[in-house]
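Content type CSV, C-alpha atoms, from the file work.csv:
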chain,number,residue,atom,x,y,z
A,65,MET,CA,24.0,135.0,57.5
A,66,LEU,CA,21.0,137.2,57.0
A,67,ALA,CA,18.6,137.8,59.8
A,68,GLY,CA,15.6,135.5,59.8
A,69,THR,CA,17.4,132.9,57.6
A,70,ALA,CA,17.4,129.4,59.2
A,71,PRO,CA,20.6,127.5,59.4
A,72,PRO,CA,21.1,124.6,57.0
A,73,PRO,CA,19.5,121.3,58.2
A,74,GLY,CA,21.7,119.1,60.4
A,75,ARG,CA,24.0,122.0,61.4
A,76,SER,CA,23.8,124.3,64.4
A,77,GLU,CA,25.2,127.7,63.9
A,78,GLY,CA,28.5,128.3,65.7
A,79,LEU,CA,29.1,124.6,66.4
A,80,PRO,CA,31.9,122.7,64.5
A,81,THR,CA,30.9,119.5,62.7
A,82,LEU,CA,32.0,116.3,64.6
A,83,ARG,CA,33.6,113.5,62.6
A,84,ARG,CA,33.1,110.0,63.8
A,85,ASN,CA,36.2,107.7,64.0
A,86,HIS,CA,35.0,104.2,63.1
A,87,ALA,CA,38.3,102.5,64.2
A,88,TRP,CA,38.1,100.6,67.5
A,89,LEU,CA,41.7,101.1,68.5
A,90,PRO,CA,44.8,102.6,67.0
A,91,PRO,CA,46.9,100.2,64.9
A,92,SER,CA,49.6,100.0,67.6
A,93,ALA,CA,47.1,99.0,70.2
A,94,LEU,CA,45.5,96.4,67.9
A,95,PHE,CA,49.0,95.0,67.3
A,96,GLY,CA,49.6,94.8,71.0
A,97,VAL,CA,46.3,93.0,71.5
A,98,ALA,CA,47.1,90.5,68.7
A,99,VAL,CA,50.5,89.8,70.2
A,100,ALA,CA,49.0,89.3,73.7
A,101,THR,CA,46.4,87.0,72.4
A,102,ALA,CA,49.0,84.9,70.5
A,103,VAL,CA,51.1,84.7,73.6
A,104,VAL,CA,48.2,83.6,75.8
A,105,VAL,CA,47.3,80.9,73.3
A,106,LEU,CA,50.9,79.7,72.9
A,107,SER,CA,51.5,79.7,76.7
A,108,ALA,CA,48.3,77.7,77.3
A,109,TRP,CA,49.4,75.1,74.6
A,110,LEU,CA,52.9,74.8,76.0
A,111,SER,CA,51.6,74.6,79.5
A,112,TYR,CA,49.3,71.8,78.5
A,113,ALA,CA,52.1,70.0,76.7
A,114,ALA,CA,54.4,70.3,79.8
A,115,LEU,CA,51.6,69.0,82.1
A,116,ALA,CA,50.9,66.0,79.8
A,117,SER,CA,54.6,65.2,79.7
A,118,ARG,CA,54.9,65.4,83.5
A,119,GLU,CA,51.9,63.1,83.9
A,120,GLN,CA,53.4,60.6,81.6
A,121,ALA,CA,56.7,60.8,83.5
A,122,VAL,CA,54.9,60.3,86.8
A,123,ALA,CA,53.1,57.2,85.4
A,124,ARG,CA,56.4,55.6,84.3
A,125,LEU,CA,58.0,56.5,87.6
A,126,THR,CA,55.1,54.8,89.4
A,127,THR,CA,55.5,51.7,87.2
A,128,GLY,CA,59.2,51.5,87.8
A,129,THR,CA,58.7,51.8,91.6
A,130,GLU,CA,56.0,49.2,91.6
A,131,MET,CA,58.2,46.8,89.6
A,132,VAL,CA,61.0,47.1,92.1
A,133,ARG,CA,58.5,46.4,94.9
A,134,ARG,CA,57.1,43.4,93.2
A,135,LEU,CA,60.5,41.9,92.4
A,136,ASP,CA,61.6,42.4,96.0
A,137,ALA,CA,58.4,40.6,97.1
A,138,VAL,CA,59.0,37.7,94.8
A,139,LEU,CA,62.6,37.2,96.0
A,140,THR,CA,61.6,37.6,99.6
A,141,ALA,CA,58.9,34.9,99.3
A,142,ALA,CA,61.3,32.6,97.6
A,143,VAL,CA,64.0,33.0,100.3
A,144,ASP,CA,61.4,32.6,103.0
A,145,ALA,CA,60.1,29.4,101.4
A,146,GLU,CA,63.6,28.0,101.2
A,147,THR,CA,64.3,28.9,104.8
A,148,GLY,CA,61.1,27.2,105.9
A,149,GLN,CA,62.0,24.1,103.8
A,150,ARG,CA,65.4,23.7,105.4
A,151,GLY,CA,64.1,24.3,108.9
A,152,TYR,CA,61.6,21.5,108.3
A,153,LEU,CA,64.2,19.2,106.9
A,154,LEU,CA,66.3,19.7,110.0
A,155,THR,CA,63.6,19.4,112.6
A,156,GLY,CA,60.6,17.7,111.0
A,157,GLU,CA,58.3,20.3,112.7
A,158,GLU,CA,55.4,21.4,110.6
A,159,ALA,CA,55.6,25.0,112.0
A,160,TYR,CA,58.6,25.6,109.8
A,161,LEU,CA,56.6,25.1,106.7
A,162,GLU,CA,54.4,28.1,107.2
A,163,PRO,CA,56.6,30.5,105.2
A,164,TYR,CA,56.8,27.9,102.5
A,165,ARG,CA,53.0,27.6,102.2
A,166,LEU,CA,52.5,31.4,102.4
A,167,ALA,CA,55.0,31.8,99.5
A,168,GLN,CA,53.1,29.2,97.4
A,169,VAL,CA,50.0,31.5,97.6
A,170,ALA,CA,51.8,34.8,97.3
A,171,MET,CA,54.1,34.0,94.4
A,172,PRO,CA,51.5,33.6,91.6
A,173,LEU,CA,49.9,36.9,92.6
A,174,GLU,CA,53.2,38.8,92.5
A,175,LEU,CA,54.2,37.3,89.2
A,176,ARG,CA,50.8,38.2,87.7
A,177,ARG,CA,51.2,41.8,88.9
A,178,LEU,CA,54.6,42.0,87.3
A,179,ARG,CA,53.1,40.8,84.0
A,180,GLU,CA,50.4,43.5,84.2
A,181,LEU,CA,53.1,46.1,84.7
A,182,LEU,CA,55.1,44.9,81.7
A,183,ALA,CA,52.1,44.2,79.4
A,184,ARG,CA,53.4,46.5,76.7
A,185,ASP,CA,57.0,45.2,76.9
A,186,PRO,CA,57.2,41.7,75.3
A,187,GLY,CA,60.9,41.4,75.9
A,188,ARG,CA,60.6,41.9,79.7
A,189,LEU,CA,57.5,39.7,79.8
A,190,ARG,CA,59.6,36.9,78.5
A,191,SER,CA,62.0,37.5,81.4
A,192,VAL,CA,59.1,37.3,83.9
A,193,ASP,CA,58.0,34.1,82.3
A,194,ARG,CA,61.5,32.7,82.6
A,195,MET,CA,61.7,33.7,86.2
A,196,ALA,CA,58.2,32.1,86.8
A,197,GLN,CA,59.4,28.8,85.3
A,198,LEU,CA,62.6,28.8,87.4
A,199,LEU,CA,60.6,29.4,90.5
A,200,ALA,CA,58.2,26.6,89.6
A,201,ASP,CA,61.1,24.3,89.3
A,202,LYS,CA,62.5,25.5,92.6
A,203,PHE,CA,59.2,24.8,94.4
A,204,ASP,CA,59.1,21.4,92.8
A,205,GLU,CA,62.5,20.6,94.1
A,206,MET,CA,61.6,21.8,97.6
A,207,ASP,CA,58.3,19.9,97.5
A,208,GLN,CA,60.2,16.7,96.7
A,209,THR,CA,62.4,17.1,99.8
A,210,ILE,CA,59.5,18.0,102.0
A,211,VAL,CA,57.6,14.9,100.9
A,212,ARG,CA,60.5,12.6,101.6
A,213,ARG,CA,61.2,14.2,105.0
A,214,ALA,CA,57.5,13.8,105.9
A,215,ALA,CA,57.8,10.1,104.9
A,216,GLY,CA,60.8,9.7,107.2
A,217,ASP,CA,63.3,9.6,104.4
A,218,VAL,CA,65.8,12.1,105.8
A,219,ASP,CA,68.7,10.8,103.7
A,220,GLY,CA,66.7,11.0,100.5
A,221,ALA,CA,65.7,14.6,101.2
A,222,THR,CA,69.2,15.5,102.1
A,223,THR,CA,70.5,13.9,98.9
A,224,ILE,CA,68.3,16.1,96.8
A,225,VAL,CA,69.5,19.2,98.6
A,226,ARG,CA,73.1,18.2,98.1
A,227,THR,CA,72.7,18.1,94.3
A,228,SER,CA,72.8,21.9,94.3
A,229,LYS,CA,69.9,21.9,91.9
A,230,GLY,CA,67.9,24.2,94.2
A,231,LYS,CA,70.8,26.6,94.7
A,232,ASN,CA,71.4,26.8,90.9
A,233,LEU,CA,67.7,27.6,90.3
A,234,MET,CA,67.8,30.3,93.0
A,235,ASP,CA,70.9,31.8,91.5
A,236,ASP,CA,69.2,31.9,88.1
A,237,VAL,CA,66.1,33.5,89.6
A,238,ARG,CA,68.3,36.2,91.2
A,239,ARG,CA,70.0,36.9,87.9
A,240,VAL,CA,66.7,37.4,86.0
A,241,ALA,CA,65.3,39.5,88.8
A,242,ALA,CA,68.5,41.7,88.8
A,243,SER,CA,68.1,42.3,85.1
A,244,LEU,CA,64.4,43.3,85.5
A,245,ARG,CA,65.4,45.5,88.5
A,246,GLU,CA,68.0,47.2,86.4
A,247,HIS,CA,65.4,48.0,83.8
A,248,ALA,CA,63.0,49.3,86.4
A,249,GLU,CA,65.7,51.6,87.9
A,250,ALA,CA,66.6,52.9,84.4
A,251,MET,CA,62.9,53.6,83.9
A,252,ARG,CA,62.7,55.5,87.2
A,253,GLY,CA,65.8,57.6,86.4
A,254,ALA,CA,64.5,58.6,83.0
A,255,ALA,CA,61.1,59.4,84.3
A,256,LEU,CA,62.5,61.5,87.1
A,257,ALA,CA,64.6,63.5,84.6
A,258,GLU,CA,61.6,64.0,82.3
A,259,ARG,CA,59.4,65.1,85.2
A,260,ASP,CA,61.9,67.7,86.3
A,261,ALA,CA,62.3,68.9,82.8
A,262,ALA,CA,58.5,69.3,82.4
A,263,VAL,CA,58.4,71.3,85.7
A,264,ARG,CA,61.2,73.6,84.5
A,265,ASN,CA,59.5,74.1,81.1
A,266,SER,CA,56.2,74.9,82.7
A,267,PHE,CA,57.9,77.6,84.9
A,268,LEU,CA,59.8,79.0,81.9
A,269,VAL,CA,56.6,79.2,79.8
A,270,ALA,CA,54.7,81.0,82.6
A,271,THR,CA,57.6,83.4,83.1
A,272,PHE,CA,58.0,84.2,79.4
A,273,GLY,CA,54.3,84.6,78.9
A,274,ALA,CA,54.0,87.0,81.9
A,275,ALA,CA,57.0,89.0,80.7
A,276,VAL,CA,55.6,89.4,77.2
A,277,LEU,CA,52.1,90.4,78.5
A,278,LEU,CA,53.7,93.0,80.8
A,279,ALA,CA,55.7,94.4,77.9
Using structure tokens, write down the structure that the file contains.
Amino acid sequence: MLAGTAPPPGRSEGLPTLRRNHAWLPPSALFGVAVATAVVVLSAWLSYAALASREQAVARLTTGTEMVRRLDAVLTAAVDAETGQRGYLLTGEEAYLEPYRLAQVAMPLELRRLRELLARDPGRLRSVDRMAQLLADKFDEMDQTIVRRAAGDVDGATTIVRTSKGKNLMDDVRRVAASLREHAEAMRGAALAERDAAVRNSFLVATFGAAVLLA
């Protein structure tokens, strides 16, 4: 370049021209980011699905457990009532009727709770209605004996007991309760298996996602 001649505009003499690279990342890095993003989204979705499945399983497990508890309460109340009735028939003392009276109050509440638990299962609701009718008939039978014993008609009260009507009603109540309990136990078993599977799936999703991200 001749002395006194100015260099071309935009260029310094002796310095190379710099080229700007407008790409954010190399293609391989972009691919890795895309894969990582997809893995994060997929892991989040699978984790949510596993969590929802586990919550549903826990809800069914709770329902099954509550059903068993309510069925036991119904049977216990019925047996206590029968025991109180027979104690009164033998002795004539009013104190023996306390379990009977408590059962009269508790029974409708327990049956109502059972109906609430099985609100979405019409077939099982019919079983609860059947059990409720049997229990109503059983309490009617016991009430007849108690009224006669209170009136001094011991033989009349005993005659009603000897017909075995009350025993047959209780046997039927136990059969219906056993069927409902079997259903509740099956529900509990299935819910436990589903809950455990959801926990395993959640662990596998987290492990797979971490491994892919590390890779």
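Across the model, the gap from atom CA of Arg177 of chain A to atom CA of Arg165 of chain A is 19.5 Å.
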So that I can check the surroundings of Lys231 of chain A, please list as a list in words every protein, DNA and RNA residue that reaches within 12 Å of it, counting only C-alpha atoms and ignoring chain neighbours fewer than 3 positions away.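 Neighbouring residues, sequence-local ones excluded: Ala142, Val143, Glu146, Leu198, Leu199, Asp201, Lys202, Phe203, Glu205, Met206, Ile224, Val225, Arg226, Thr227, Ser228, Met234, Asp235, Asp236, Val237 and Arg238 of chain A.
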Suppose you want the space between atom CA of Leu139 of chain A and atom CA of Ser191 of chain A; what is it in Å?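 Atom CA of Ser191 of chain A lies at a distance of 14.6 Å from atom CA of Leu139 of chain A.
A straight line drawn from atom CA of Ala123 of chain A to atom CA of Met251 of chain A is 10.5 Å long.
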Give me the residues within 10 Å of Glu158 of chain A as a PDB file with C-alpha atoms, in the coordinates of the input, counting only C-alpha atoms and dropping any in the same chain fewer than 4 places off.
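The resulting file, out-v7.pdb, is reproduced below:
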ATOM      1  CA  GLY A 148      61.100  27.200 105.900  1.00  0.00           C
ATOM      2  CA  GLN A 149      62.000  24.100 103.800  1.00  0.00           C
ATOM      3  CA  GLY A 151      64.100  24.300 108.900  1.00  0.00           C
ATOM      4  CA  TYR A 152      61.600  21.500 108.300  1.00  0.00           C
ATOM      5  CA  LEU A 153      64.200  19.200 106.900  1.00  0.00           C
ATOM      6  CA  GLU A 162      54.400  28.100 107.200  1.00  0.00           C
ATOM      7  CA  ALA A 214      57.500  13.800 105.900  1.00  0.00           C
TER       8      ALA A 214
END
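Ranking A:Val240, A:Leu154, A:Leu233, A:Leu166 by their shortest atom-to-atom distance to Arg188 of chain A, with all atoms listed in the file included, puts A:Val240 first.
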